[in-house]
2 protein chains.
Amino acid sequence: MFYFIGLGLGDAKDITVKGLEIIKRCSRVYLEAYTSILTVGKEALEEYYGRELILADRDMVEQEADEILKGADASDVAFLVVGDPFGATTHSDLVLRAVNAGIKYRVIHNASILNAVGCCGLQLYNFGETVSIVFWTDSWKPESFYDKIKRNRDMGMHTLCLLDIKVKEQSMENLMRGRKVFEPPRFMSVAQAAEQLLEVVQNRRERGEEPAITEDTVCVGLARVGADDQAIRAGSLREMAVCDLGAPLHSMIITGHLHPLEVDMLRLFSNLEGLSSLKMTDSSTYIS
Amino acid sequence: MFYFIGLGLGDAKDITVKGLEIIKRCSRVYLEAYTSILTVGKEALEEYYGRELILADRDMVEQEADEILKGADASDVAFLVVGDPFGATTHSDLVLRAVNAGIKYRVIHNASILNAVGCCGLQLYNFGETVSIVFWTDSWKPESFYDKIKRNRDMGMHTLCLLDIKVKEQSMENLMRGRKVFEPPRFMSVAQAAEQLLEVVQNRRERGEEPAITEDTVCVGLARVGADDQAIRAGSLREMAVCDLGAPLHSMIITGHLHPLEVDMLRLFSNLEGLSSLKMTDSSTYIS
């Protein structure tokens with residue numbers, strides 16, 4: 001059997017009892033290491049599981065999938081994914097290869113940021129399409145995430161923004177010279193995401209558009225959701241651009257129409273005065 | 001500390017290690033018993049945890065919240081919720097009461113149907129707003145879920161439909177007579193949901209509307225996601241109306257625009273010919 005096992009968010013103990021029991025009996029255990037991270041590293045997981053883990057980066061999963069699946073028809077092999085196994089990506093390629101090779105597979109689910117964001121008090125029912133915000137470069141500044149947020153807001157929906165992760169990236173120079181030298185991992189912060197979003201808002205204004213989002217739009221910044229030291233901060237987009245929520249991973253929500261109970265919950269994570277004054281003065285907060 | 005602990009989907013072992021450790025040390029443990037169910041009941045959980053559970057129905061949570069929170073400032077109390085604690089409902093009222101009473105709280109996340117549906121191979125990124133389909137009565141047949149599905153489909157998005165649960169309901173007669181006699185629990189099946197949806201499609205046609213959904217629209221029925229005997233079935237809406245996916249809980253997805261890799265995954269759960277013929281002939285399958 002080939003097992004896709006979600007590790008949840010947070011640390012080693014966020015795995016399910018079922019998942020842990022399976023890991024302990026598998027012949028090989030892979031750790032998918034490019035779509036998300038826990039607050040603890042591979043070594044802490046190995047110690048907790050009492051098992052050696054094989055780090056599976058994007059190249060390995062894409063190019064050596066058959067190697068990963070090898071023998072899973074006769075013994076048990078596990079593939080660990082932070083969050084839910086099908087949260088960030090469906091890993092459909094591995095599933096389809098397994099099925100084609102006559103290997104049975106099973107999914108052990110766990111929390112994903114897509115549902116865990118409910119902890120800030122916004123109703124999961126009121127979220128529209130999830131968007132990704134990527135690191136801009138000098139020459140590549142895509143704005144498509146803005147249009148999706150606008151579309152959600154036009155319908156009164158909140159938008160969860162997943163923030164870019166760059167692990168095992170090569171600089172252009174190293175890539176061109178074929179040198180396997182990797183840049184340090186980078187994780188987009190809420191402040192960086194908010195800055196990029198503010199720049200889009202400004203660009204749209206300069207083009208004469210009425211922006212769907214302003215500096216005063218109510219946002220929620222979340223960091224290390226599920227961990228002991230998780231941080232949640234509600235405030236204006238302007239506040240998000242200068243907040244420091246600490247270590248990764250970060251996510252950001254752009255709110256749509258806020259229900260009174262949602263406002264009450266967001267107050268728990270905000271400068272109360274700030275949020276109530278927004279409520280009174282910023283008509284964009286309520287776009288029913 | 002007051003703990004909101006997600007039990008995940010499936011059975012007793014789908015709890016996280018962290019959640020289980022907390023349950024074992026709490027002075028009281030409540031089981032929220034009205035928004036979802038596991039494949040095992042209260043007794044199986046009690047045996048597995050080695051703890052007595054206090055069943056918390058909607059009345060108790062809404063009317064005796066202070067009783068539930070009592071003493072959580074001095075000792076640990078846990079409130080167990082199937083899925084993720086903030087999946088089906090935010091339980092914001094309990095959170096706000098805790099905070100107002102000076103009680104610290106913490107959330108132990110777990111899988112929710114909102115992310116676990118990714119197991120059928122549809123990208124979670126491509127889902128729009130989640131809808132609920134309620135049991136129709138002779139005199140109450142709301143169609144609002146249809147309009148939300150239409151809106152999602154117009155944008156090419158998939159729609160997760162959560163299906164109604166009726167637990168501890170009273171008949172009108174018993175309610176009026178003040179008799180605390182409850183009807184057996186009812187859980188809407190995929191077939192029932194599909195039948196109601198087909199009826200709306202027919203109603204819209206009769207009103208001269210071009211329906212956003214037809215009998216041939218590709219849907220996915222899911223039952224007992226995360227359990228050993230989970231069932232997933234992809235096919236037309238017409239097929240959904242006659243499929244039998246067994247015991248609860250059921251959910252249904254109405255697809256939007258399908259990516260080729262999503263089609264490959266759905267084939268794993270379908271009559272291959274059916275799905276490929278749909279792909280060829282039904283233009284509504286691809287509404288890019």
# chains A, B, ... in the order shown; residues from 1 in each chain; ligands from 1
call {"tool": "select_by_dssp", "arguments": {"residues": "stretch 141-217 of chain A", "states": "alpha helix (DSSP H)", "output": "short mmCIF file (atom, residue, chain, number, x, y, z; two decimals) with all heavy atoms, in the first residue's frame"}}
result
data_model
loop_
_atom_site.label_atom_id
_atom_site.label_comp_id
_atom_site.auth_asym_id
_atom_site.auth_seq_id
_atom_site.Cartn_x
_atom_site.Cartn_y
_atom_site.Cartn_z
N SER A 144 -2.47 39.20 -11.34
CA SER A 144 -3.71 38.43 -11.51
C SER A 144 -4.38 38.11 -10.17
O SER A 144 -5.61 38.00 -10.09
CB SER A 144 -3.43 37.15 -12.28
OG SER A 144 -2.41 36.42 -11.64
N PHE A 145 -3.59 38.00 -9.11
CA PHE A 145 -4.19 37.70 -7.80
C PHE A 145 -5.17 38.81 -7.39
O PHE A 145 -6.18 38.56 -6.77
CB PHE A 145 -3.11 37.48 -6.73
CG PHE A 145 -2.25 38.67 -6.43
CD1 PHE A 145 -2.61 39.55 -5.42
CD2 PHE A 145 -1.08 38.91 -7.14
CE1 PHE A 145 -1.81 40.65 -5.14
CE2 PHE A 145 -0.29 40.01 -6.86
CZ PHE A 145 -0.66 40.88 -5.86
N TYR A 146 -4.82 40.05 -7.79
CA TYR A 146 -5.68 41.18 -7.45
C TYR A 146 -7.07 41.03 -8.06
O TYR A 146 -8.10 41.28 -7.41
CB TYR A 146 -5.04 42.49 -7.92
CG TYR A 146 -5.93 43.70 -7.75
CD1 TYR A 146 -5.90 44.45 -6.57
CD2 TYR A 146 -6.81 44.09 -8.75
CE1 TYR A 146 -6.73 45.54 -6.40
CE2 TYR A 146 -7.64 45.19 -8.59
CZ TYR A 146 -7.60 45.91 -7.42
OH TYR A 146 -8.43 47.00 -7.26
N ASP A 147 -7.11 40.59 -9.31
CA ASP A 147 -8.40 40.47 -10.00
C ASP A 147 -9.27 39.38 -9.37
O ASP A 147 -10.49 39.51 -9.31
CB ASP A 147 -8.17 40.22 -11.49
CG ASP A 147 -7.43 41.40 -12.14
OD1 ASP A 147 -7.95 42.52 -12.07
OD2 ASP A 147 -6.32 41.19 -12.66
N LYS A 148 -8.61 38.34 -8.89
CA LYS A 148 -9.38 37.29 -8.22
C LYS A 148 -9.93 37.79 -6.88
O LYS A 148 -11.06 37.49 -6.51
CB LYS A 148 -8.51 36.06 -7.99
CG LYS A 148 -8.21 35.31 -9.28
CD LYS A 148 -7.38 34.07 -9.02
CE LYS A 148 -7.09 33.33 -10.32
NZ LYS A 148 -6.15 32.21 -10.12
N ILE A 149 -9.11 38.55 -6.15
CA ILE A 149 -9.58 39.11 -4.87
C ILE A 149 -10.75 40.04 -5.13
O ILE A 149 -11.76 40.02 -4.42
CB ILE A 149 -8.44 39.88 -4.16
CG1 ILE A 149 -7.29 38.94 -3.79
CG2 ILE A 149 -8.97 40.59 -2.91
CD1 ILE A 149 -6.03 39.65 -3.31
N LYS A 150 -10.62 40.85 -6.18
CA LYS A 150 -11.69 41.79 -6.55
C LYS A 150 -12.99 41.03 -6.84
O LYS A 150 -14.06 41.39 -6.36
CB LYS A 150 -11.27 42.59 -7.79
CG LYS A 150 -12.33 43.56 -8.29
CD LYS A 150 -11.85 44.31 -9.51
CE LYS A 150 -12.84 45.40 -9.97
NZ LYS A 150 -14.25 45.00 -9.98
N ARG A 151 -12.85 39.95 -7.61
CA ARG A 151 -14.02 39.16 -7.97
C ARG A 151 -14.70 38.60 -6.73
O ARG A 151 -15.91 38.63 -6.58
CB ARG A 151 -13.58 38.03 -8.91
CG ARG A 151 -14.65 37.50 -9.80
CD ARG A 151 -14.07 36.65 -10.90
NE ARG A 151 -13.43 35.44 -10.40
CZ ARG A 151 -12.97 34.46 -11.18
NH1 ARG A 151 -13.07 34.56 -12.50
NH2 ARG A 151 -12.41 33.40 -10.67
N ASN A 152 -13.88 38.07 -5.80
CA ASN A 152 -14.45 37.55 -4.54
C ASN A 152 -15.14 38.67 -3.76
O ASN A 152 -16.25 38.50 -3.27
CB ASN A 152 -13.34 36.93 -3.68
CG ASN A 152 -12.90 35.56 -4.19
OD1 ASN A 152 -13.64 34.88 -4.91
ND2 ASN A 152 -11.69 35.14 -3.83
N ARG A 153 -14.47 39.82 -3.67
CA ARG A 153 -15.03 40.93 -2.90
C ARG A 153 -16.32 41.46 -3.51
O ARG A 153 -17.24 41.84 -2.80
CB ARG A 153 -14.01 42.06 -2.78
CG ARG A 153 -13.19 42.00 -1.51
CD ARG A 153 -12.17 43.10 -1.45
NE ARG A 153 -12.74 44.40 -1.14
CZ ARG A 153 -13.03 44.83 0.10
NH1 ARG A 153 -12.84 44.03 1.14
NH2 ARG A 153 -13.51 46.03 0.30
N ASP A 154 -16.36 41.47 -4.84
CA ASP A 154 -17.58 41.92 -5.51
C ASP A 154 -18.78 41.07 -5.10
O ASP A 154 -19.92 41.51 -5.14
CB ASP A 154 -17.42 41.86 -7.03
CG ASP A 154 -16.53 42.99 -7.56
OD1 ASP A 154 -16.27 43.95 -6.80
OD2 ASP A 154 -16.08 42.90 -8.72
N MET A 172 19.86 32.84 -11.27
CA MET A 172 19.93 32.74 -12.73
C MET A 172 21.35 32.37 -13.16
O MET A 172 21.55 31.55 -14.04
CB MET A 172 19.50 34.08 -13.35
CG MET A 172 19.25 34.04 -14.84
SD MET A 172 18.11 32.74 -15.37
CE MET A 172 16.54 33.51 -14.92
N GLU A 173 22.32 32.96 -12.48
CA GLU A 173 23.72 32.71 -12.85
C GLU A 173 24.08 31.23 -12.62
O GLU A 173 24.62 30.57 -13.49
CB GLU A 173 24.64 33.62 -12.03
CG GLU A 173 26.06 33.65 -12.58
CD GLU A 173 27.01 34.38 -11.66
OE1 GLU A 173 26.56 35.22 -10.85
OE2 GLU A 173 28.23 34.08 -11.74
N ASN A 174 23.73 30.74 -11.42
CA ASN A 174 24.05 29.34 -11.13
C ASN A 174 23.30 28.38 -12.04
O ASN A 174 23.83 27.34 -12.45
CB ASN A 174 23.74 29.02 -9.66
CG ASN A 174 24.80 29.59 -8.73
OD1 ASN A 174 25.99 29.65 -9.09
ND2 ASN A 174 24.38 30.02 -7.56
N LEU A 175 22.06 28.76 -12.37
CA LEU A 175 21.26 27.93 -13.26
C LEU A 175 21.92 27.84 -14.63
O LEU A 175 22.09 26.75 -15.20
CB LEU A 175 19.85 28.55 -13.38
CG LEU A 175 18.78 27.68 -14.06
CD1 LEU A 175 18.43 26.48 -13.20
CD2 LEU A 175 17.50 28.51 -14.29
N MET A 176 22.35 29.00 -15.16
CA MET A 176 22.95 29.04 -16.49
C MET A 176 24.29 28.33 -16.53
O MET A 176 24.68 27.75 -17.53
CB MET A 176 23.09 30.48 -16.96
CG MET A 176 21.72 31.09 -17.30
SD MET A 176 21.79 32.83 -17.68
CE MET A 176 22.64 32.77 -19.27
N VAL A 190 3.53 38.35 5.53
CA VAL A 190 2.30 39.11 5.35
C VAL A 190 2.63 40.54 4.92
O VAL A 190 2.00 41.11 4.03
CB VAL A 190 1.46 39.10 6.65
CG1 VAL A 190 0.39 40.18 6.63
CG2 VAL A 190 0.83 37.73 6.84
N ALA A 191 3.68 41.12 5.53
CA ALA A 191 4.04 42.50 5.19
C ALA A 191 4.44 42.61 3.71
O ALA A 191 4.03 43.54 3.01
CB ALA A 191 5.18 42.97 6.09
N GLN A 192 5.21 41.64 3.23
CA GLN A 192 5.62 41.67 1.82
C GLN A 192 4.41 41.53 0.89
O GLN A 192 4.30 42.22 -0.11
CB GLN A 192 6.61 40.55 1.54
CG GLN A 192 8.00 40.79 2.15
CD GLN A 192 8.89 39.56 2.04
OE1 GLN A 192 8.47 38.45 2.39
NE2 GLN A 192 10.12 39.75 1.58
N ALA A 193 3.52 40.62 1.24
CA ALA A 193 2.32 40.41 0.41
C ALA A 193 1.47 41.68 0.38
O ALA A 193 0.99 42.10 -0.67
CB ALA A 193 1.50 39.24 0.96
N ALA A 194 1.33 42.31 1.56
CA ALA A 194 0.51 43.53 1.64
C ALA A 194 1.15 44.65 0.83
O ALA A 194 0.45 45.41 0.15
CB ALA A 194 0.34 43.94 3.10
N GLU A 195 2.46 44.75 0.87
CA GLU A 195 3.16 45.77 0.08
C GLU A 195 2.89 45.58 -1.41
O GLU A 195 2.63 46.54 -2.12
CB GLU A 195 4.67 45.70 0.33
CG GLU A 195 5.14 46.61 1.42
CD GLU A 195 6.63 46.39 1.70
OE1 GLU A 195 7.38 46.09 0.75
OE2 GLU A 195 7.00 46.50 2.87
N GLN A 196 2.97 44.35 -1.87
CA GLN A 196 2.72 44.09 -3.29
C GLN A 196 1.28 44.44 -3.65
O GLN A 196 1.02 45.03 -4.70
CB GLN A 196 3.01 42.62 -3.64
CG GLN A 196 4.49 42.29 -3.59
CD GLN A 196 4.86 40.91 -4.18
OE1 GLN A 196 6.00 40.51 -4.11
NE2 GLN A 196 3.91 40.20 -4.74
N LEU A 197 0.37 44.10 -2.74
CA LEU A 197 -1.04 44.38 -3.00
C LEU A 197 -1.28 45.89 -3.05
O LEU A 197 -2.00 46.40 -3.92
CB LEU A 197 -1.90 43.70 -1.93
CG LEU A 197 -3.41 43.68 -2.14
CD1 LEU A 197 -3.79 43.16 -3.51
CD2 LEU A 197 -4.06 42.80 -1.06
N LEU A 198 -0.64 46.62 -2.13
CA LEU A 198 -0.78 48.08 -2.12
C LEU A 198 -0.25 48.68 -3.43
O LEU A 198 -0.81 49.65 -3.95
CB LEU A 198 -0.01 48.68 -0.94
CG LEU A 198 -0.69 48.56 0.42
CD1 LEU A 198 0.26 48.98 1.54
CD2 LEU A 198 -1.97 49.40 0.47
N GLU A 199 0.80 48.07 -3.96
CA GLU A 199 1.36 48.59 -5.21
C GLU A 199 0.36 48.39 -6.36
O GLU A 199 0.20 49.28 -7.21
CB GLU A 199 2.69 47.88 -5.52
CG GLU A 199 3.55 48.66 -6.49
CD GLU A 199 4.96 48.07 -6.65
OE1 GLU A 199 5.56 47.65 -5.62
OE2 GLU A 199 5.46 48.03 -7.79
N VAL A 200 -0.31 47.23 -6.35
CA VAL A 200 -1.33 47.00 -7.39
C VAL A 200 -2.47 48.02 -7.25
O VAL A 200 -2.93 48.60 -8.24
CB VAL A 200 -1.92 45.58 -7.31
CG1 VAL A 200 -2.91 45.35 -8.45
CG2 VAL A 200 -0.82 44.52 -7.37
N VAL A 201 -2.90 48.24 -6.01
CA VAL A 201 -3.98 49.22 -5.76
C VAL A 201 -3.57 50.57 -6.36
O VAL A 201 -4.35 51.23 -7.06
CB VAL A 201 -4.26 49.36 -4.24
CG1 VAL A 201 -5.17 50.55 -3.95
CG2 VAL A 201 -4.86 48.07 -3.70
N GLN A 202 -2.33 50.97 -6.11
CA GLN A 202 -1.82 52.25 -6.61
C GLN A 202 -1.80 52.26 -8.15
O GLN A 202 -2.23 53.22 -8.78
CB GLN A 202 -0.43 52.50 -6.02
CG GLN A 202 0.05 53.94 -6.16
CD GLN A 202 -0.99 54.95 -5.66
OE1 GLN A 202 -1.69 54.72 -4.68
NE2 GLN A 202 -1.13 56.07 -6.38
N ASN A 203 -1.32 51.15 -8.72
CA ASN A 203 -1.29 51.04 -10.19
C ASN A 203 -2.67 51.19 -10.80
O ASN A 203 -2.85 51.86 -11.81
CB ASN A 203 -0.75 49.67 -10.63
CG ASN A 203 0.73 49.51 -10.34
OD1 ASN A 203 1.41 50.51 -10.09
ND2 ASN A 203 1.22 48.27 -10.36
N ARG A 204 -3.66 50.58 -10.15
CA ARG A 204 -5.01 50.63 -10.68
C ARG A 204 -5.57 52.06 -10.59
O ARG A 204 -6.26 52.51 -11.48
CB ARG A 204 -5.93 49.66 -9.93
CG ARG A 204 -5.48 48.20 -10.03
CD ARG A 204 -5.57 47.70 -11.47
NE ARG A 204 -4.90 46.42 -11.63
CZ ARG A 204 -5.52 45.28 -11.97
NH1 ARG A 204 -6.81 45.28 -12.20
NH2 ARG A 204 -4.82 44.17 -12.10
N ARG A 205 -5.26 52.71 -9.50
CA ARG A 205 -5.71 54.11 -9.35
C ARG A 205 -5.12 54.97 -10.46
O ARG A 205 -5.81 55.80 -11.04
CB ARG A 205 -5.22 54.67 -8.02
CG ARG A 205 -6.16 54.38 -6.90
CD ARG A 205 -6.05 55.46 -5.81
NE ARG A 205 -6.70 54.93 -4.61
CZ ARG A 205 -6.05 54.38 -3.59
NH1 ARG A 205 -4.72 54.29 -3.60
NH2 ARG A 205 -6.71 53.90 -2.56
N GLU A 206 -3.84 54.74 -10.75
CA GLU A 206 -3.18 55.56 -11.78
C GLU A 206 -3.80 55.31 -13.16
O GLU A 206 -3.77 56.19 -14.01
CB GLU A 206 -1.67 55.28 -11.79
CG GLU A 206 -0.98 55.97 -10.62
CD GLU A 206 0.45 55.49 -10.38
OE1 GLU A 206 1.00 54.81 -11.27
OE2 GLU A 206 0.99 55.77 -9.30
#
call {"tool": "residues_around", "arguments": {"residues": "stretch 13-29 of chain A", "least_positions_apart": "4", "cutoff": "10 Å", "atoms": "only C-alpha atoms", "output": "PyMOL selection string"}}
result
(chain A and resi 1-9+38+45+48-56+68-72+75-80+82-83+107-111+226-227) or (chain B and resi 7-8+11-21+108-111)
call {"tool": "select_by_dssp", "arguments": {"residues": "stretch 86-228 of chain A", "states": "strand (DSSP E or B)", "output": "compact mmCIF listing (two decimals) with all heavy atoms, in the first residue's frame"}}
result
# COMPACT_ATOMS: atom_id res chain seq x y z
N TYR A 105 -3.49 2.69 -3.04
CA TYR A 105 -3.06 3.84 -2.25
C TYR A 105 -4.17 4.24 -1.29
O TYR A 105 -5.33 3.88 -1.48
CB TYR A 105 -2.69 5.02 -3.17
CG TYR A 105 -3.88 5.73 -3.77
CD1 TYR A 105 -4.42 6.86 -3.15
CD2 TYR A 105 -4.47 5.28 -4.94
CE1 TYR A 105 -5.53 7.51 -3.70
CE2 TYR A 105 -5.57 5.92 -5.48
CZ TYR A 105 -6.09 7.03 -4.86
OH TYR A 105 -7.18 7.66 -5.39
N ARG A 106 -3.76 4.97 -0.27
CA ARG A 106 -4.72 5.47 0.71
C ARG A 106 -4.28 6.82 1.21
O ARG A 106 -3.09 7.10 1.29
CB ARG A 106 -4.80 4.49 1.88
CG ARG A 106 -6.21 4.41 2.37
CD ARG A 106 -6.42 3.60 3.60
NE ARG A 106 -7.33 4.37 4.41
CZ ARG A 106 -7.62 4.11 5.65
NH1 ARG A 106 -7.07 3.08 6.25
NH2 ARG A 106 -8.44 4.88 6.32
N VAL A 107 -5.25 7.64 1.55
CA VAL A 107 -4.96 9.00 1.99
C VAL A 107 -5.31 9.13 3.48
O VAL A 107 -6.40 8.76 3.89
CB VAL A 107 -5.80 10.02 1.19
CG1 VAL A 107 -5.47 11.44 1.63
CG2 VAL A 107 -5.57 9.84 -0.31
N ILE A 108 -4.36 9.62 4.27
CA ILE A 108 -4.64 9.91 5.68
C ILE A 108 -4.68 11.44 5.79
O ILE A 108 -3.65 12.11 5.71
CB ILE A 108 -3.54 9.32 6.60
CG1 ILE A 108 -3.33 7.83 6.30
CG2 ILE A 108 -3.91 9.55 8.06
CD1 ILE A 108 -4.53 6.94 6.53
N PHE A 127 -15.75 32.17 2.08
CA PHE A 127 -14.53 32.37 1.31
C PHE A 127 -14.79 32.03 -0.16
O PHE A 127 -15.45 31.04 -0.47
CB PHE A 127 -13.40 31.47 1.83
CG PHE A 127 -12.70 32.02 3.05
CD1 PHE A 127 -13.30 31.97 4.29
CD2 PHE A 127 -11.45 32.61 2.94
CE1 PHE A 127 -12.67 32.50 5.42
CE2 PHE A 127 -10.80 33.13 4.05
CZ PHE A 127 -11.42 33.07 5.29
N VAL A 131 -6.28 32.36 -3.56
CA VAL A 131 -5.28 32.85 -4.51
C VAL A 131 -3.87 32.65 -3.97
O VAL A 131 -3.68 32.47 -2.77
CB VAL A 131 -5.49 34.35 -4.86
CG1 VAL A 131 -6.93 34.62 -5.26
CG2 VAL A 131 -5.08 35.25 -3.71
N SER A 132 -2.91 32.66 -4.87
CA SER A 132 -1.50 32.59 -4.48
C SER A 132 -0.86 33.93 -4.82
O SER A 132 -1.11 34.49 -5.88
CB SER A 132 -0.78 31.49 -5.25
OG SER A 132 -1.31 30.23 -4.89
N ILE A 133 -0.05 34.44 -3.92
CA ILE A 133 0.71 35.66 -4.22
C ILE A 133 2.18 35.26 -4.33
O ILE A 133 2.75 34.71 -3.38
CB ILE A 133 0.51 36.73 -3.13
CG1 ILE A 133 -1.00 37.09 -3.03
CG2 ILE A 133 1.32 37.99 -3.45
CD1 ILE A 133 -1.32 38.22 -2.07
N HIS A 158 -14.66 36.51 1.29
CA HIS A 158 -13.28 36.66 1.75
C HIS A 158 -12.34 35.93 0.79
O HIS A 158 -12.75 34.99 0.11
CB HIS A 158 -13.09 36.06 3.14
CG HIS A 158 -14.13 36.47 4.14
ND1 HIS A 158 -14.51 37.78 4.30
CD2 HIS A 158 -14.87 35.75 5.01
CE1 HIS A 158 -15.45 37.84 5.25
NE2 HIS A 158 -15.68 36.62 5.69
N THR A 159 -11.07 36.34 0.80
CA THR A 159 -10.08 35.65 -0.03
C THR A 159 -8.89 35.22 0.82
O THR A 159 -8.25 36.05 1.48
CB THR A 159 -9.54 36.58 -1.13
OG1 THR A 159 -10.64 37.14 -1.85
CG2 THR A 159 -8.64 35.80 -2.09
N LEU A 160 -8.60 33.94 0.81
CA LEU A 160 -7.38 33.45 1.44
C LEU A 160 -6.24 33.57 0.44
O LEU A 160 -6.34 33.04 -0.69
CB LEU A 160 -7.54 31.99 1.86
CG LEU A 160 -6.26 31.29 2.34
CD1 LEU A 160 -5.67 31.97 3.58
CD2 LEU A 160 -6.52 29.82 2.62
N CYS A 161 -5.18 34.27 0.83
CA CYS A 161 -4.00 34.40 -0.03
C CYS A 161 -2.89 33.52 0.54
O CYS A 161 -2.44 33.73 1.67
CB CYS A 161 -3.50 35.84 -0.07
SG CYS A 161 -4.76 37.03 -0.55
N LEU A 162 -2.47 32.54 -0.26
CA LEU A 162 -1.34 31.72 0.14
C LEU A 162 -0.08 32.42 -0.38
O LEU A 162 -0.05 32.89 -1.51
CB LEU A 162 -1.47 30.32 -0.47
CG LEU A 162 -2.75 29.58 -0.05
CD1 LEU A 162 -2.84 28.23 -0.75
CD2 LEU A 162 -2.80 29.39 1.45
N LEU A 163 0.92 32.49 0.46
CA LEU A 163 2.10 33.31 0.13
C LEU A 163 3.26 32.44 -0.33
O LEU A 163 3.45 31.32 0.15
CB LEU A 163 2.46 34.17 1.34
CG LEU A 163 1.27 34.97 1.93
CD1 LEU A 163 1.74 35.90 3.03
CD2 LEU A 163 0.51 35.73 0.85
N ILE A 165 6.56 30.45 -1.48
CA ILE A 165 7.65 29.73 -0.83
C ILE A 165 8.69 29.44 -1.91
O ILE A 165 8.34 28.91 -2.96
CB ILE A 165 7.15 28.38 -0.26
CG1 ILE A 165 6.18 28.62 0.88
CG2 ILE A 165 8.30 27.51 0.15
CD1 ILE A 165 5.61 27.33 1.45
N LYS A 166 9.92 29.79 -1.65
CA LYS A 166 10.99 29.44 -2.59
C LYS A 166 12.01 28.58 -1.86
O LYS A 166 12.72 29.07 -0.98
CB LYS A 166 11.71 30.71 -3.10
CG LYS A 166 10.85 31.65 -3.92
CD LYS A 166 10.74 31.17 -5.34
CE LYS A 166 10.00 32.17 -6.19
NZ LYS A 166 9.36 31.53 -7.35
N ARG A 186 13.22 31.05 0.96
CA ARG A 186 12.54 32.31 1.23
C ARG A 186 11.05 32.06 1.39
O ARG A 186 10.47 31.25 0.66
CB ARG A 186 12.73 33.29 0.07
CG ARG A 186 14.13 33.82 -0.06
CD ARG A 186 14.16 35.02 -1.01
NE ARG A 186 13.70 34.65 -2.34
CZ ARG A 186 13.14 35.51 -3.19
NH1 ARG A 186 12.91 36.76 -2.82
NH2 ARG A 186 12.77 35.12 -4.39
N PHE A 187 10.47 32.73 2.35
CA PHE A 187 9.04 32.58 2.62
C PHE A 187 8.43 33.97 2.66
O PHE A 187 8.89 34.81 3.43
CB PHE A 187 8.83 31.88 3.97
CG PHE A 187 9.55 30.57 4.07
CD1 PHE A 187 10.81 30.49 4.66
CD2 PHE A 187 8.98 29.41 3.55
CE1 PHE A 187 11.48 29.27 4.74
CE2 PHE A 187 9.65 28.20 3.62
CZ PHE A 187 10.91 28.13 4.22
N VAL A 218 -10.15 45.77 5.45
CA VAL A 218 -9.82 44.92 6.60
C VAL A 218 -9.18 43.61 6.12
O VAL A 218 -9.75 42.90 5.29
CB VAL A 218 -11.07 44.60 7.45
CG1 VAL A 218 -10.73 43.63 8.58
CG2 VAL A 218 -11.67 45.88 8.00
N CYS A 219 -8.01 43.33 6.66
CA CYS A 219 -7.28 42.10 6.31
C CYS A 219 -6.94 41.34 7.59
O CYS A 219 -7.03 41.88 8.69
CB CYS A 219 -5.99 42.44 5.59
SG CYS A 219 -6.24 43.35 4.05
N VAL A 220 -6.54 40.10 7.42
CA VAL A 220 -6.09 39.30 8.55
C VAL A 220 -4.76 38.66 8.16
O VAL A 220 -4.66 38.03 7.10
CB VAL A 220 -7.10 38.19 8.92
CG1 VAL A 220 -6.66 37.46 10.17
CG2 VAL A 220 -8.50 38.76 9.08
N GLY A 221 -3.77 38.86 8.99
CA GLY A 221 -2.48 38.20 8.77
C GLY A 221 -2.38 37.02 9.72
O GLY A 221 -2.74 37.14 10.90
N LEU A 222 -1.92 35.88 9.21
CA LEU A 222 -1.80 34.70 10.07
C LEU A 222 -0.40 34.11 9.91
O LEU A 222 0.12 34.04 8.79
CB LEU A 222 -2.83 33.63 9.69
CG LEU A 222 -4.29 34.05 9.67
CD1 LEU A 222 -4.75 34.26 8.24
CD2 LEU A 222 -5.16 33.01 10.35
N ALA A 223 0.20 33.71 11.01
CA ALA A 223 1.52 33.09 10.95
C ALA A 223 1.56 31.84 11.82
O ALA A 223 0.99 31.82 12.91
CB ALA A 223 2.59 34.08 11.42
call {"tool": "closest_residue", "arguments": {"among": "B:Glu129, B:Glu46, B:Asp57, B:Asp228", "to": "chain A", "atoms": "only C-alpha atoms"}}
result
B:Glu129
call {"tool": "atom_distance", "arguments": {"atom1": "atom CA of B:Phe86", "atom2": "atom CA of B:Ile253"}}
result
20.9 Å
